[in-house]
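Novice: Could you have a look at this structure, given as structure tokens, before my questions?
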Amino acid sequence: MSTIDLTPDQAGVRTPARHRGTGLEKKRSLTGWIFLLPAALLICWMNFYPMIQAFLLSLQSGKGAKLTWAHPAWYNYARLFKDPQFLQTLKTTFIYLVIQVPIMLILALILATLLNSKTLRFKGLFRTAIFLPCAVSLVSYSFVFRTLFSTDGPVNDALMGLHLISSPVNWLANAGTARFVIILGLLWRWTGYNMVFYLAGLQNIDYSTFEAARIDGAGPVKTFIYVTIPQLKPMILLTAIMSTNGTLQLFDESWNLTQGGPANMSMSMSHYLYQLSFQNNPNIGYGSAVSYAILIMVAILALIQMRVGDRRD
Amino acid sequence: MIVVTSLVVENATVVRPLGPAPASRGVPRWLRKAPTYIFLTIVAVASVYPLYFMVVGATNTSPDVLGSRLLPGGNLFANFRALVAAQDLGGALWHSSLNAVLTTIAALAVCSIAGYGFEVFHSKGKDRVMSLLLLAMMIPFAATMIPLFRMFAQFGLLNSTFAVILPAISTPFLILLFRQSARSFPHEVLEAARIDGLSEFWIFVRIFVPTMRSTYAAAAVITFMNAWNNFLWPRVILVANRYQTMPMLISNFRAGYVIDYGVLMLAVLIASLPTMIVFLVLQRSFANGITGAIK
């Protein structure tokens with residue numbers, strides 16, 4: 001509101017401001033630094049500093065609070081490759097990543113494209129319904145899915161009612177089905193979230209490009225592949241990196257939905273990290289090495305995705 | 001309202017001289033659109049069903065929940081009494097609210113002024129700092145969690161609200177969001193305010209903040225939801241059970257041998273209500289804020 005009061009002055013007095021000395025410029029630059037100082041300091045203190053510390057910790061060994069430098073220095077890292085439990089959680093996490101992220105992103109892209117249509121009715125209703133799962137916490141939905149997929153639960157009832165199965169499936173007691181339930185849960189929770197990013201991206205794309213494709217005789221599939229996807233590439237890259245990052249750090253679902261079971265077969269890397277670092281007899285040094293393994297994988301995958309994203313230009 | 005707007009758009013399409021795409025000539029319009037509506041309806045129902053199940057489950061007895069009863073029952077108050085008797089619901093709600101509200105206020109203040117600073121007082125040095133800060137987005141929380149825990153333990157800050165919220169205040173994502181939206185802030189307004197003698201800080205507070213309402217709404221939705229729903233870090237830092245948050249309270253159900261699913265669904269519902277309300281109230285501003293930020 002106050003912006004309107006200010007505009008009348010603007011035209012007449014504008015020029016003198018530009019001729020003010022460099023002292024003012026310097027003062028302004030300093031003001032800018034002061035404005036961003038709290039945020040920058042907090043990020044250094046809460047992100048970069050602990051990251052360096054975690055690396056130093058990963059070179060130490062010992063149980064509990066008594067830590068000594070490991071011999072050799074890379075001892076904890078060498079142990080990673082011989083730890084069947086770690087390798088198992090690594091494999092499980094990558095199964096989640098490779099299956100869930102592509103399905104989710106493609107589904108989100110299709111949904112966003114459909115909802116971007118100008119002639120579609122009930123758009124708001126569809127959008128809200130599909131995004132609504134994002135308002136539920138990971139812990140909450142984990143327990144809802146746990147209930148839905150319990151042996152005597154609604155999913156088994158429905159499948160038996162439809163005569164698709166003859167006896168109840170014990171979803172969470174079998175490695176394959178337990179992982180399937182986690183992947184289904186992730187899809188349910190995050191597809192709408194990614195869809196919102198694509199919808200936002202589509203709104204910034206000139207609608208006439210879609211119409212031009214239509215006039216040129218391109219069907220919806222061709223339009224989607226040759227018009228929508230290339231224009232949304234930066235957004236796809238962003239969501240791919242965010243989803244990869246999120247999946248590699250999966251914890252809440254592994255902890256609450258399957259509790260890592262059966263026999264740790266659905267346990268994620270972060271779940272294992274938590275177990276190592278904060279439960280029973282904490283081994284902080286080795287835990288830090290696991291956390292660095294996650295960090296390195298996040299960095300490598302982000303780098304690959306950025307490379308791939310750049311190349312197709 | 002939704003129907004009216006789309007009707008208007010539809011009329012416009014009919015008037016437009018473009019005509020239908022060649023591939024679909026001759027097929028009635030409603031039939032051509034039918035697969036889209038069917039697909040969207042299936043996805044929408046699949047998205048809402050678990051939530052409906054949760055809401056209805058909160059009012060039913062445990063056997064009814066498992067028996068997939070889809071109608072509301074009369075067990076809501078009994079479930080509530082059982083929940084309150086078994087768990088410190090008030091305490092968990094209070095801790096969750098306190099954490100989420102304080103995180104949101106602090107994060108919006110710190111990140112918006114930083115984003116504004118990066119854009120309005122733009123310089124090469126600041127650009128370099130920004131790209132450095134963006135790197136922090138790539139650091140998984142898993143990789144900082146152990147040293148953070150040790151640090152707060154050293155300061156004697158385990159179980160403190162301060163330790164819960166501090167790591168969540170400054171995020172590169174929010175700074176980026178505010179920097180992008182500051183781009184659309186008209187420079188003339190800024191100059192005019194300067195000439196009027198308003199100091200830089202007050203220009204930010206009295207002019208930038210009110211004009212960027214939708215960005216603040218989007219940032220508030222994201223931060224509040226993340227803070228309210230955060231589970232791993234509170235679990236790590238809140239060692240004593242009496243400081244537990246709502247997600248931690250729900251997670252404790254998994255320790256029980258016999259779970260009352262009606263009570264569980266009620267707890268899950270109560271934990272979800274605040275974020276759902278925040279989202280539904282701020283939904284439009286949220287979408288606008290995200291759209292404005294990525295232009």
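By convention here, the chains of the structure tokens are called A, B, ... in the order presented, each chain's residues are numbered starting at 1, and ligands are numbered starting at 1 in the order presented.
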Taking 5 positions as the minimum chain separation for residues in the same chain, which residues sit within 8 Å of Met46 (chain A) when counting only C-alpha atoms? Answer as a PyMOL selection string.

Specialist: chain B and resi 144+148+166-167

Novice: Could the residues in this selection be saved with N, CA, C and O atoms as a PDB file, in the first residue's frame?

Specialist:
ATOM      1  N   THR B 144      25.308 -34.736   8.815  1.00  0.00           N
ATOM      2  CA  THR B 144      25.633 -33.715   9.811  1.00  0.00           C
ATOM      3  C   THR B 144      25.018 -34.055  11.176  1.00  0.00           C
ATOM      4  O   THR B 144      25.326 -33.422  12.174  1.00  0.00           O
ATOM      5  N   LEU B 148      26.212 -32.731  14.991  1.00  0.00           N
ATOM      6  CA  LEU B 148      25.254 -31.787  15.578  1.00  0.00           C
ATOM      7  C   LEU B 148      24.799 -32.291  16.941  1.00  0.00           C
ATOM      8  O   LEU B 148      24.721 -31.536  17.904  1.00  0.00           O
ATOM      9  N   LEU B 166      17.184 -24.938  15.670  1.00  0.00           N
ATOM     10  CA  LEU B 166      18.335 -24.219  15.085  1.00  0.00           C
ATOM     11  C   LEU B 166      18.795 -24.765  13.718  1.00  0.00           C
ATOM     12  O   LEU B 166      19.005 -23.977  12.799  1.00  0.00           O
ATOM     13  N   PRO B 167      18.937 -26.101  13.553  1.00  0.00           N
ATOM     14  CA  PRO B 167      19.405 -26.583  12.240  1.00  0.00           C
ATOM     15  C   PRO B 167      18.401 -26.340  11.116  1.00  0.00           C
ATOM     16  O   PRO B 167      18.763 -26.426   9.942  1.00  0.00           O
TER      17      PRO B 167
END

Novice: Residues of chain B near chain A: apply a cut-off of 6 Å, count only C-alpha atoms, and supply the list as an NGL selection string.

Specialist: :B and (6 or 10 or 21 or 44 or 47 or 66 or 68 or 110 or 113-114 or 117 or 121 or 140 or 142-144 or 147 or 167 or 170 or 192 or 229 or 247 or 268 or 272 or 275-276 or 291)

Novice: Among region 15-201 of chain B, which residues does DSSP mark as alpha helix (DSSP H) when it is run on the backbone? Keep the chain and numbering as in the structure and answer as a ChimeraX atom specification.

Specialist: /B:15,29-57,62-66,76-86,89-120,124-135,142-154,161-169,172-182,187-195,200-201

Novice: Using backbone DSSP assignments, extract all strand (DSSP E or B) residues from region 30-169 of chain A; output them as a list in words.

Specialist: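 Matching residues, listed in order: Gln60, Ser61, Thr68 and Trp69 of chain A.
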
Novice: Which polymer residues have any atom within 10 Å of an atom of region 211-223 of chain B, counting only C-alpha atoms, with same-chain residues fewer than 4 positions away left out, as a VMD selection string?

Specialist: (chain A and resid 1 to 3 135) or (chain B and resid 100 to 101 103 to 105 107 to 109 111 to 112 168 to 169 171 173 to 175 177 to 178 180 to 182 184 to 185 206 to 207 227 to 229 275 to 276 278 to 293)

Novice: Using only C-alpha atoms, which of A:Pro234, A:Leu184, A:Ile106, A:Asn174 sits nearest Ala46 (chain B)?

Specialist: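 The shortest atom-to-atom distance to Ala46 (chain B) comes from A:Leu184.
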
Novice: Can you work out the spacing between CA of Val101 (chain A) and CA of Val48 (chain B) in Å, to one decimal?

Specialist: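 So the two atoms, CA of Val101 (chain A) and CA of Val48 (chain B), lie 21.1 Å apart.
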
Novice: Go through A:Lys82, A:Ser167, A:Gln60, A:Leu172 one by one, measure the shortest atom-to-atom distance of each to Asn264 (chain A) using only C-alpha atoms, and give the residue with the smallest value.

Specialist: A:Leu172

Novice: Which residues, written as a PyMOL selection string, have at least one atom at most 8 Å from Ile203 (chain B), with only C-alpha atoms counted and residues fewer than 3 positions away on the same chain left out?

Specialist: chain B and resi 190+193-194+198-200+206-208

Novice: Rounded to one decimal, what separation in Å do you get between CA of Tyr207 (chain A) and CA of Thr113 (chain A)?

Specialist: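 CA of Thr113 (chain A) lies 11.4 Å from CA of Tyr207 (chain A).
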
Novice: Between CA of Gly74 (chain B) and CA of Asn60 (chain B), measure the distance and give it in Å to one decimal.

Specialist: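 These atoms are spaced 6.4 Å apart.
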